[in-house]
Structures are given as C-alpha cells and as structure tokens.
>>> print(open('upload.cif').read())   # mmCIF, C-alpha atoms
data_input
loop_
_atom_site.label_atom_id
_atom_site.label_comp_id
_atom_site.auth_asym_id
_atom_site.auth_seq_id
_atom_site.Cartn_x
_atom_site.Cartn_y
_atom_site.Cartn_z
CA MET K 1 -58.90 87.46 -49.35
CA SER K 2 -60.91 86.79 -52.47
CA GLN K 3 -57.70 85.31 -53.87
CA SER K 4 -57.57 82.98 -50.88
CA LEU K 5 -61.15 81.90 -51.50
CA SER K 6 -60.24 81.21 -55.11
CA ALA K 7 -57.28 79.14 -53.95
CA GLN K 8 -59.58 77.21 -51.66
CA ALA K 9 -61.93 76.48 -54.54
CA ASN K 10 -59.05 75.15 -56.65
CA SER K 11 -57.77 72.93 -53.80
CA TYR K 12 -60.89 70.73 -53.69
CA SER K 13 -59.32 67.61 -55.18
CA LEU K 14 -60.27 64.11 -54.09
CA LEU K 15 -56.94 63.24 -52.49
CA THR K 16 -56.66 66.64 -50.79
CA THR K 17 -60.10 66.27 -49.26
CA LEU K 18 -59.49 62.66 -48.23
CA CYS K 19 -56.18 63.48 -46.54
CA GLN K 20 -57.63 66.29 -44.45
CA THR K 21 -58.83 65.71 -40.89
CA ARG K 22 -62.48 65.51 -41.86
CA GLY K 23 -61.75 63.11 -44.73
CA ILE K 24 -59.66 60.78 -42.56
CA LEU K 25 -62.30 60.78 -39.83
CA SER K 26 -65.02 60.02 -42.38
CA ALA K 27 -63.02 57.11 -43.79
CA LEU K 28 -62.44 55.63 -40.32
CA ILE K 29 -66.13 55.96 -39.45
CA VAL K 30 -67.16 54.26 -42.70
CA ALA K 31 -64.67 51.49 -41.95
CA GLN K 32 -66.11 50.92 -38.48
CA VAL K 33 -69.67 50.91 -39.82
CA LEU K 34 -68.60 48.31 -42.38
CA ALA K 35 -67.10 46.19 -39.58
CA LEU K 36 -70.41 46.36 -37.72
CA ILE K 37 -72.38 45.32 -40.82
CA ILE K 38 -70.08 42.34 -41.43
CA SER K 39 -70.32 41.30 -37.78
CA PHE K 40 -74.13 41.41 -37.84
CA SER K 41 -74.25 39.55 -41.16
CA GLU K 42 -72.25 36.73 -39.59
CA TYR K 43 -74.01 36.99 -36.27
CA GLN K 44 -73.11 34.32 -33.77
CA PRO K 45 -74.25 34.97 -30.18
CA ASP K 46 -71.33 33.12 -28.67
CA ASN K 47 -68.53 35.04 -30.37
CA PHE K 48 -70.13 38.25 -31.71
CA TRP K 49 -67.67 40.55 -29.95
CA LEU K 50 -64.74 38.45 -31.13
CA VAL K 51 -65.91 38.71 -34.74
CA LEU K 52 -66.52 42.43 -34.33
CA GLY K 53 -63.06 42.95 -32.87
CA GLN K 54 -61.36 40.94 -35.62
CA SER K 55 -63.33 42.68 -38.37
CA SER K 56 -62.66 46.12 -36.90
CA LEU K 57 -58.94 45.42 -36.57
CA LEU K 58 -58.66 44.18 -40.13
CA ILE K 59 -60.74 46.91 -41.78
CA GLN K 60 -59.24 49.77 -39.76
CA PHE K 61 -55.74 48.50 -40.53
CA VAL K 62 -56.50 48.31 -44.26
CA THR K 63 -58.03 51.81 -44.13
CA SER K 64 -55.07 53.30 -42.26
CA ILE K 65 -52.52 51.76 -44.64
CA SER K 66 -54.52 52.98 -47.65
CA ILE K 67 -54.83 56.53 -46.33
CA ALA K 68 -51.09 56.64 -45.61
CA ALA K 69 -50.32 55.47 -49.16
CA LEU K 70 -52.75 57.98 -50.66
CA TYR K 71 -51.24 60.79 -48.58
CA VAL K 72 -47.80 59.98 -49.96
CA LEU K 73 -49.27 59.90 -53.48
CA SER K 74 -50.90 63.30 -52.99
CA ARG K 75 -47.53 64.75 -52.02
CA VAL K 76 -45.56 63.09 -54.81
CA LYS K 77 -48.17 63.68 -57.55
CA PRO K 78 -50.27 66.71 -56.50
CA ASP K 79 -51.40 67.53 -60.06
CA LEU K 80 -53.34 64.37 -60.87
CA ASN K 81 -56.80 64.95 -62.31
CA ASN K 82 -59.87 63.80 -60.40
CA SER K 83 -60.48 60.72 -62.56
CA VAL K 84 -56.95 59.41 -61.96
CA GLN K 85 -57.27 60.20 -58.26
CA ALA K 86 -60.54 58.25 -58.05
CA LEU K 87 -58.92 55.25 -59.72
CA ALA K 88 -55.94 55.58 -57.38
CA VAL K 89 -58.19 55.52 -54.30
CA VAL K 90 -59.99 52.38 -55.48
CA ALA K 91 -56.77 50.67 -56.60
CA VAL K 92 -54.87 51.42 -53.39
CA LEU K 93 -57.72 50.22 -51.18
CA VAL K 94 -58.24 47.00 -53.16
CA LEU K 95 -54.51 46.22 -53.38
CA SER K 96 -54.07 46.90 -49.65
CA THR K 97 -56.95 44.53 -48.92
CA LEU K 98 -55.51 41.87 -51.20
CA ALA K 99 -52.06 42.10 -49.68
CA ILE K 100 -53.21 42.04 -46.06
CA THR K 101 -55.81 39.28 -46.50
CA PHE K 102 -53.30 37.14 -48.42
CA TYR K 103 -50.85 37.60 -45.57
CA ILE K 104 -53.51 36.71 -42.98
CA SER K 105 -54.59 33.70 -45.01
CA TYR K 106 -51.00 32.55 -45.39
CA LEU K 107 -50.27 32.81 -41.65
CA GLU K 108 -53.78 31.72 -40.59
CA LEU K 109 -53.90 34.46 -37.99
CA LEU K 110 -57.66 34.55 -37.60
CA ASP K 111 -58.93 31.07 -38.31
CA ALA K 112 -57.70 27.91 -39.96
CA ARG K 113 -60.68 27.96 -42.33
CA LEU K 114 -59.54 31.15 -43.99
CA SER K 115 -59.11 30.50 -47.69
CA HIS K 116 -59.00 32.20 -51.06
CA TRP K 117 -62.73 32.78 -50.75
CA PHE K 118 -62.01 35.05 -47.78
CA VAL K 119 -59.49 37.00 -49.88
CA PHE K 120 -61.90 37.29 -52.80
CA LYS K 121 -64.83 38.30 -50.60
CA SER K 122 -62.78 40.93 -48.75
CA SER K 123 -61.44 42.39 -52.02
CA ALA K 124 -64.93 42.52 -53.54
CA ILE K 125 -66.31 44.33 -50.50
CA SER K 126 -63.33 46.67 -50.57
CA LEU K 127 -63.97 47.46 -54.24
CA LEU K 128 -67.65 48.23 -53.69
CA VAL K 129 -67.07 50.35 -50.60
CA ALA K 130 -64.22 52.25 -52.28
CA ALA K 131 -66.39 53.02 -55.32
CA LEU K 132 -69.24 54.28 -53.13
CA PHE K 133 -66.87 56.32 -50.94
CA VAL K 134 -65.23 57.94 -53.98
CA GLN K 135 -68.66 58.87 -55.33
CA PHE K 136 -69.59 60.38 -51.98
CA MET K 137 -66.36 62.40 -51.84
CA ALA K 138 -66.92 63.64 -55.41
CA ILE K 139 -70.40 64.89 -54.48
CA TYR K 140 -68.98 66.55 -51.37
CA ASN K 141 -66.29 68.29 -53.44
CA GLU K 142 -68.84 69.61 -55.93
CA HIS K 143 -70.93 70.97 -53.08
CA ALA K 144 -67.83 72.56 -51.50
CA LYS K 145 -66.88 74.22 -54.81
CA ALA K 146 -70.40 75.60 -55.23
CA HIS K 147 -70.38 76.92 -51.67
CA SER K 148 -66.97 78.53 -52.19
CA ALA K 149 -68.15 80.22 -55.40
CA TYR K 150 -71.26 81.52 -53.63
CA ALA K 151 -69.18 82.82 -50.72
CA ARG K 152 -66.80 84.52 -53.14
CA ALA K 153 -69.74 86.22 -54.89
CA GLN K 154 -71.09 87.40 -51.54
CA LEU K 155 -67.68 88.73 -50.56
CA ASP K 156 -67.35 90.62 -53.86
CA ALA K 157 -70.76 92.20 -53.28
CA LEU K 158 -69.75 93.27 -49.77
CA GLN K 159 -66.48 94.71 -51.08
CA ALA K 160 -68.40 96.80 -53.60
CA ARG K 161 -70.40 98.36 -50.74
CA ILE K 162 -67.32 99.61 -48.88
CA ARG K 163 -67.09 103.37 -49.18
CA PRO K 164 -63.81 104.75 -47.79
CA HIS K 165 -65.14 108.24 -46.94
CA PHE K 166 -61.84 109.16 -45.32
CA LEU K 167 -60.34 109.56 -48.81
CA PHE K 168 -62.45 112.64 -49.50
CA ASN K 169 -61.79 114.20 -46.09
CA SER K 170 -58.07 113.47 -46.42
CA LEU K 171 -57.88 115.21 -49.79
CA ASN K 172 -59.34 118.34 -48.24
CA THR K 173 -56.85 118.12 -45.38
CA LEU K 174 -54.01 117.63 -47.85
CA ALA K 175 -55.08 120.70 -49.82
CA GLU K 176 -55.03 122.83 -46.67
CA LEU K 177 -51.63 121.53 -45.53
CA ALA K 178 -50.08 122.22 -48.93
CA HIS K 179 -50.42 125.95 -48.21
CA GLU K 180 -49.44 125.81 -44.53
CA ASP K 181 -46.86 123.04 -44.01
CA SER K 182 -45.19 121.36 -47.00
CA ASP K 183 -43.48 118.68 -44.89
CA ALA K 184 -46.76 117.72 -43.21
CA ALA K 185 -48.46 117.72 -46.60
CA GLU K 186 -45.84 115.30 -47.92
CA GLU K 187 -46.30 112.95 -44.95
CA SER K 188 -50.05 113.14 -45.36
CA ALA K 189 -49.76 112.37 -49.07
CA LEU K 190 -47.71 109.24 -48.31
CA ALA K 191 -50.21 108.12 -45.68
CA LEU K 192 -53.07 108.78 -48.07
CA ALA K 193 -51.31 106.74 -50.77
CA SER K 194 -51.05 103.78 -48.40
CA LEU K 195 -54.71 104.04 -47.48
CA SER K 196 -55.77 104.37 -51.10
CA ARG K 197 -53.74 101.31 -52.05
CA ALA K 198 -55.40 99.37 -49.24
CA ALA K 199 -58.84 100.55 -50.39
CA MET K 200 -58.15 99.07 -53.81
CA GLN K 201 -57.04 95.77 -52.26
CA VAL K 202 -60.18 95.19 -50.23
CA GLY K 203 -61.00 91.49 -50.20
CA GLN K 204 -57.39 90.35 -50.22
CA GLN K 205 -55.45 88.96 -47.29
CA SER K 206 -53.73 91.17 -44.79
CA THR K 207 -52.25 90.66 -41.34
CA LEU K 208 -53.03 92.15 -37.96
CA ALA K 209 -49.72 94.02 -37.98
CA GLN K 210 -50.45 95.49 -41.43
CA GLU K 211 -53.97 96.46 -40.39
CA LEU K 212 -52.64 98.21 -37.29
CA ALA K 213 -50.04 100.08 -39.36
CA LEU K 214 -52.78 101.14 -41.76
CA ALA K 215 -54.97 102.26 -38.86
CA LYS K 216 -52.13 104.37 -37.49
CA ARG K 217 -51.70 106.07 -40.87
CA TYR K 218 -55.40 106.83 -40.92
CA ILE K 219 -55.25 108.30 -37.40
CA ALA K 220 -52.24 110.40 -38.45
CA LEU K 221 -54.33 111.89 -41.26
CA GLU K 222 -57.27 112.59 -38.98
CA GLN K 223 -54.90 114.11 -36.42
CA TRP K 224 -54.27 116.94 -38.87
CA ARG K 225 -58.02 117.57 -39.13
CA PHE K 226 -58.94 117.51 -35.46
CA GLY K 227 -55.70 118.43 -33.72
CA GLU K 228 -55.96 118.18 -29.93
CA ARG K 229 -59.61 117.13 -30.18
CA LEU K 230 -58.47 113.65 -31.19
CA LYS K 231 -56.53 111.53 -28.71
CA VAL K 232 -55.71 107.88 -29.37
CA ASN K 233 -54.28 105.41 -26.87
CA TRP K 234 -52.66 102.30 -28.33
CA HIS K 235 -52.45 99.28 -26.03
CA LEU K 236 -50.46 96.80 -28.12
CA PRO K 237 -48.34 93.77 -27.22
CA LYS K 238 -44.61 93.93 -27.81
CA GLU K 239 -44.80 91.28 -30.52
CA ILE K 240 -47.75 90.93 -32.86
CA PRO K 241 -48.06 87.47 -34.43
CA GLU K 242 -48.99 86.94 -38.06
CA VAL K 243 -52.76 86.78 -37.65
CA VAL K 244 -54.67 86.79 -40.95
CA LEU K 245 -57.32 89.47 -41.44
CA PRO K 246 -59.27 90.69 -44.45
CA CYS K 247 -57.85 93.96 -45.75
CA LEU K 248 -59.52 97.10 -44.35
CA THR K 249 -60.99 95.50 -41.25
CA LEU K 250 -59.68 97.78 -38.51
CA GLN K 251 -59.66 101.11 -40.35
CA PRO K 252 -63.49 101.26 -40.71
CA LEU K 253 -63.80 100.64 -36.97
CA LEU K 254 -61.52 103.58 -36.23
CA GLU K 255 -63.29 105.72 -38.83
CA ASN K 256 -66.61 105.09 -37.11
CA ALA K 257 -65.04 105.93 -33.78
CA VAL K 258 -63.74 109.21 -35.20
CA VAL K 259 -66.98 110.16 -36.95
CA HIS K 260 -69.36 109.27 -34.14
CA GLY K 261 -67.17 109.90 -31.13
CA ILE K 262 -64.86 112.75 -32.11
CA GLU K 263 -66.34 114.68 -35.02
CA SER K 264 -69.78 114.88 -33.43
CA SER K 265 -68.39 116.38 -30.22
CA ASP K 266 -67.19 119.97 -29.96
CA LYS K 267 -64.68 118.98 -27.28
CA GLY K 268 -63.45 115.92 -29.13
CA GLY K 269 -62.74 112.69 -27.30
CA VAL K 270 -60.49 109.72 -26.74
CA ILE K 271 -60.16 106.49 -28.74
CA ASP K 272 -58.62 103.40 -27.15
CA VAL K 273 -57.27 100.55 -29.28
CA GLU K 274 -56.42 97.33 -27.44
CA VAL K 275 -54.95 94.11 -28.83
CA HIS K 276 -54.86 90.88 -26.83
CA ILE K 277 -53.23 87.72 -28.14
CA SER K 278 -53.99 84.20 -26.91
CA LYS K 279 -52.87 80.80 -28.15
CA GLN K 280 -55.89 80.36 -30.41
CA SER K 281 -57.13 83.85 -31.28
CA ALA K 282 -56.47 87.57 -31.44
CA THR K 283 -58.81 90.13 -29.87
CA VAL K 284 -59.03 93.77 -30.94
CA ILE K 285 -61.07 96.25 -28.92
CA VAL K 286 -61.83 99.73 -30.25
CA SER K 287 -63.66 102.09 -27.92
CA ASN K 288 -64.39 105.80 -28.14
CA SER K 289 -65.74 108.30 -25.66
CA LEU K 290 -69.25 109.69 -26.01
CA SER K 291 -70.52 113.08 -24.97
CA ALA K 292 -73.40 113.29 -22.52
CA GLN K 293 -75.66 114.72 -25.23
CA GLN K 294 -75.00 111.93 -27.69
CA THR K 295 -77.79 109.35 -28.00
CA PRO K 296 -77.75 105.91 -29.65
CA THR K 297 -79.78 107.24 -32.58
CA THR K 298 -76.90 109.46 -33.66
CA ARG K 299 -74.93 106.30 -34.35
CA ALA K 300 -77.42 104.85 -36.81
CA HIS K 301 -75.00 104.89 -39.76
CA ASN K 302 -72.41 103.07 -37.68
CA GLY K 303 -74.32 99.84 -38.21
CA ILE K 304 -73.63 99.83 -41.95
CA ALA K 305 -69.84 99.46 -41.61
CA LEU K 306 -70.09 97.08 -38.66
CA ASP K 307 -72.59 94.88 -40.50
CA ASN K 308 -70.31 94.81 -43.56
CA ILE K 309 -67.30 93.73 -41.50
CA GLN K 310 -69.36 91.13 -39.63
CA LYS K 311 -70.57 89.56 -42.87
CA ARG K 312 -67.08 89.47 -44.39
CA LEU K 313 -65.70 87.80 -41.27
CA SER K 314 -68.56 85.29 -41.27
CA ILE K 315 -67.86 84.32 -44.88
CA ILE K 316 -64.09 84.10 -44.54
CA TYR K 317 -63.85 82.41 -41.14
CA ALA K 318 -67.03 80.29 -41.43
CA GLY K 319 -68.43 81.49 -38.11
CA GLN K 320 -65.16 81.16 -36.15
CA ALA K 321 -64.72 84.94 -35.85
CA SER K 322 -67.00 87.25 -33.89
CA MET K 323 -67.62 90.96 -33.55
CA ARG K 324 -69.76 92.56 -30.86
CA SER K 325 -70.54 96.20 -30.15
CA ARG K 326 -72.27 97.86 -27.23
CA ARG K 327 -72.79 101.22 -25.65
CA LEU K 328 -71.44 101.75 -22.15
CA ALA K 329 -72.05 104.66 -19.80
CA ASN K 330 -69.74 107.16 -21.53
CA SER K 331 -68.27 105.19 -24.40
CA TYR K 332 -68.99 102.91 -27.32
CA ARG K 333 -67.06 99.64 -27.60
CA VAL K 334 -66.45 97.22 -30.48
CA LYS K 335 -64.78 93.87 -29.78
CA LEU K 336 -63.36 91.80 -32.63
CA VAL K 337 -62.14 88.22 -32.10
CA VAL K 338 -60.50 86.29 -34.96
CA PRO K 339 -58.86 82.85 -34.90
CA LYS K 340 -55.21 82.41 -35.69
CA MET K 341 -54.85 80.92 -39.14
CA GLU K 342 -52.15 80.64 -41.81
CA PHE K 343 -52.18 82.27 -45.20
CA ILE K 344 -53.98 80.19 -47.80
#
>>> encode(input="upload.cif", output="structure tokens")
Amino acid sequence: MSQSLSAQANSYSLLTTLCQTRGILSALIVAQVLALIISFSEYQPDNFWLVLGQSSLLIQFVTSISIAALYVLSRVKPDLNNSVQALAVVAVLVLSTLAITFYISYLELLDARLSHWFVFKSSAISLLVAALFVQFMAIYNEHAKAHSAYARAQLDALQARIRPHFLFNSLNTLAELAHEDSDAAEESALALASLSRAAMQVGQQSTLAQELALAKRYIALEQWRFGERLKVNWHLPKEIPEVVLPCLTLQPLLENAVVHGIESSDKGGVIDVEVHISKQSATVIVSNSLSAQQTPTTRAHNGIALDNIQKRLSIIYAGQASMRSRRLANSYRVKLVVPKMEFI
C-alpha cells in the first residue's frame, strides 16, 4: 500500500488533476462565476438574465470544449512536464475562445454589434483566467504532494509498530510438531512461510480474498496449538470480489480474538468470521466468545492492534473506511467496513 501512495504522489500532474471529477467541477464553477462577474459588469436591469444566460452558455461551452481537448492530450501525451502542461492549458483555452468567438462574430448569433473587440476582449479574459486557474491548480498539486508524503511517513511509522507475535508462537508449535507429526510440521512450515512473507509486505496492497486466505493459514497454525479449544466458523459469500485492503488487516483481528477469547479461557471458545458484500463496500465482522470471568480490562492490549489498523485505514481510505468494536453479553465484536476501490 505504501507503493500505491507513492504512485498517487507521482500522479499529481496538472492535466491529471484537471481531468479528474474534482478538477472538472472546479473548472465549471470558475466558469460560472466568471459569467456572473461579466453579467454584473455589464448590468442592464432590462436584460440582465439574458446577458447572464448568453455569457454562461458561451463560457461553459468554451470550458467544456477545452477540457475535452485537454483530456485527449493527457491520454496521447501523458509524460509532459508540468511547465508544458501549464502552457497547453492556457493555449487550449485561449485558442478555443478565439475559435468560438470568431464563429459567433461571423454568424452574429448574439448581437449585430459583435466585432473584433468582442473577440479580443474574450480572448484576453480567457488568458487571464487560464493563467490564474493554472496557478491555483499548481498550488493545489503541491499541497496534495506534501499531504501524500506526510501520509506515507505516517503509514511507514505505523507499519514499524506492527509486531506479528504469532511468528514466535508458530515456531514453538512447529518445533513440537517436528517430533510428533512430520506431515503436519511440513504444512505448518508452509503456512508459516506465507504468514512471514505477508509480515514483510505490510504496507503494500492486498485483496480481501488474499487476506482471508492468510487468515485461514493463521487459524490453521493456531489450531495445532489449541486443538479442540479453538473453533472457527467462516460465513463467506460464494464469490469474493477484488476489494483492496492493506496487507495484514484481518490477521491481527483474528490474532486478538485468539489471544483474548481463546487463549485466556481454559475451555476455549468460538470465533465467527462474517463477510458481507454490497455494491459500494465490503463488511468483515470478527467476533469471539468471552468467558463469564473475563472483564473488559483483560482486553487492554487489544486496543493497540485495533488502533493501528484504524489509523492505517484512515490514511489509506481518507476516512471512507470504518472499524468499530464493542463488547456484547458473551462476546466481543469487531466490524470493519471498507469501500470498493481499484488497485492504484
């Protein structure tokens, strides 16, 4: 996932930003504000709304044509440097204004008094507005790059705090199995290798399916430790879509469920893993049983892992993901909701 943040930082070019939804909306808003300013500057009580409508139609049309041309340019020449892109934005907007106002002047669509002064005035305004808009977008891009770098530094710090304690317990289990069951020891070694590889890839992108597979390998390892004390119920849909998750998101939730719900109880317990898929998001619910003697204070260390996951999700999904935990009558429940998004 840190690689994806790096890719995001490198994608902050002027044309890329302008051709995104927010950039297009900003350009259309600026165009409409400009139409209002022109209408007020030529205020005539009798035909104010007519002037506003004509100005809005002209400016929005020029803006739309320019954005379409710049979008094509961004696809054909994606590697242009920022200076060339800035010049391209100004040039396209001015040339579009020239072409459209010349055509209007030639056909006299708005008024018979339209002349070359109208073309010159419109082009001059277009040049000034384009220069100011490019400057604004450049400042926005610099701010976005700085924010991305800060988020990446935060994510790296959070990754450094992850302590996969299961590795040490699994090594002990593997040592015991080597003397008792060689086949089981081999399977455990393969599962441990997968978990170790995932631990070294923390911060990179993963998918919900991969995270579930990793969680199952972890449970298989812990099954050797606890035997019949550990029971896990998987409630999964038949098809799991490619939902992006940061690597090692689900395994710490299951590890906490094992440590605080199974290991702390002499009789063991049950862990339920549920996955629900909607059109816009994926929901994962991990719950574990609690013994009657267990109190909330015995779960104090659970907050460390949950807080780490919550912060990573907040950085990566910019507040679009959520994670909530609560204690019920005889169980502890963690609910994770992440939006569907494509790999970056």
>>> closest_residue(input="upload.cif", among="K:Phe120, K:Val337, K:Ala329, K:Ser55", to="Ser41 of chain K", atoms="only C-alpha atoms")
K:Ser55
>>> resolve_selection(input="upload.cif", expression="the PyMOL selection byres ((chain K and resi 124-130) around 10)", output="MDAnalysis selection string")
chainID K and resid 27 30:31 34 59 62:63 86:87 89:98 118:123 131:136
>>> closest_residue(input="upload.cif", among="K:Leu214, K:Leu230, K:Pro246, K:Ile240", to="Asp266 of chain K", atoms="only C-alpha atoms")
K:Leu230
>>> closest_residue(input="upload.cif", among="K:Ser331, K:Ser39, K:Ser13, K:Gln54", to="Ile104 of chain K", atoms="only C-alpha atoms")
K:Gln54
>>> closest_residue(input="upload.cif", among="K:Ser264, K:Thr17, K:Gln32, K:Asn81", to="Leu52 of chain K", atoms="only C-alpha atoms")
K:Gln32
>>> axis_aligned_box(input="upload.cif", around="segment 204-211 of chain K", padding_each_side="3 Å", output="lines of an AutoDock Vina configuration file")
center_x = -53.6
center_y = 92.7
center_z = -44.1
size_x = 13.7
size_y = 13.5
size_z = 18.3
>>> atom_distance(input="upload.cif", atom1="atom CA of Leu50 of chain K", atom2="atom CA of Leu28 of chain K")
19.6 Å
>>> resolve_selection(input="upload.cif", expression="the PyMOL selection byres ((chain K and resi 208) around 7)", output="PDB file with C-alpha atoms, in the coordinates of the input")
ATOM      1  CA  SER K 206     -53.730  91.170 -44.790  1.00  0.00           C
ATOM      2  CA  THR K 207     -52.250  90.660 -41.340  1.00  0.00           C
ATOM      3  CA  ALA K 209     -49.720  94.020 -37.980  1.00  0.00           C
ATOM      4  CA  GLN K 210     -50.450  95.490 -41.430  1.00  0.00           C
ATOM      5  CA  GLU K 211     -53.970  96.460 -40.390  1.00  0.00           C
ATOM      6  CA  LEU K 212     -52.640  98.210 -37.290  1.00  0.00           C
ATOM      7  CA  GLU K 242     -48.990  86.940 -38.060  1.00  0.00           C
ATOM      8  CA  VAL K 243     -52.760  86.780 -37.650  1.00  0.00           C
ATOM      9  CA  VAL K 244     -54.670  86.790 -40.950  1.00  0.00           C
ATOM     10  CA  LEU K 245     -57.320  89.470 -41.440  1.00  0.00           C
TER      11      LEU K 245
END
>>> closest_residue(input="upload.cif", among="K:Val51, K:Val275, K:Asn308, K:Leu25", to="Ser64 of chain K", atoms="all atoms listed in the file")
K:Leu25
>>> closest_residue(input="upload.cif", among="K:Lys231, K:Arg75, K:Lys238, K:Arg324", to="Ile219 of chain K", atoms="all atoms listed in the file")
K:Lys231
>>> atom_distance(input="upload.cif", atom1="atom CA of Leu336 of chain K", atom2="atom CA of Gln20 of chain K")
28.7 Å
>>> resolve_selection(input="upload.cif", expression="the PyMOL selection byres ((chain K and resi 280-283) around 8)", output="number ranges by chain")
K: 243, 274-279, 284-285, 335-340
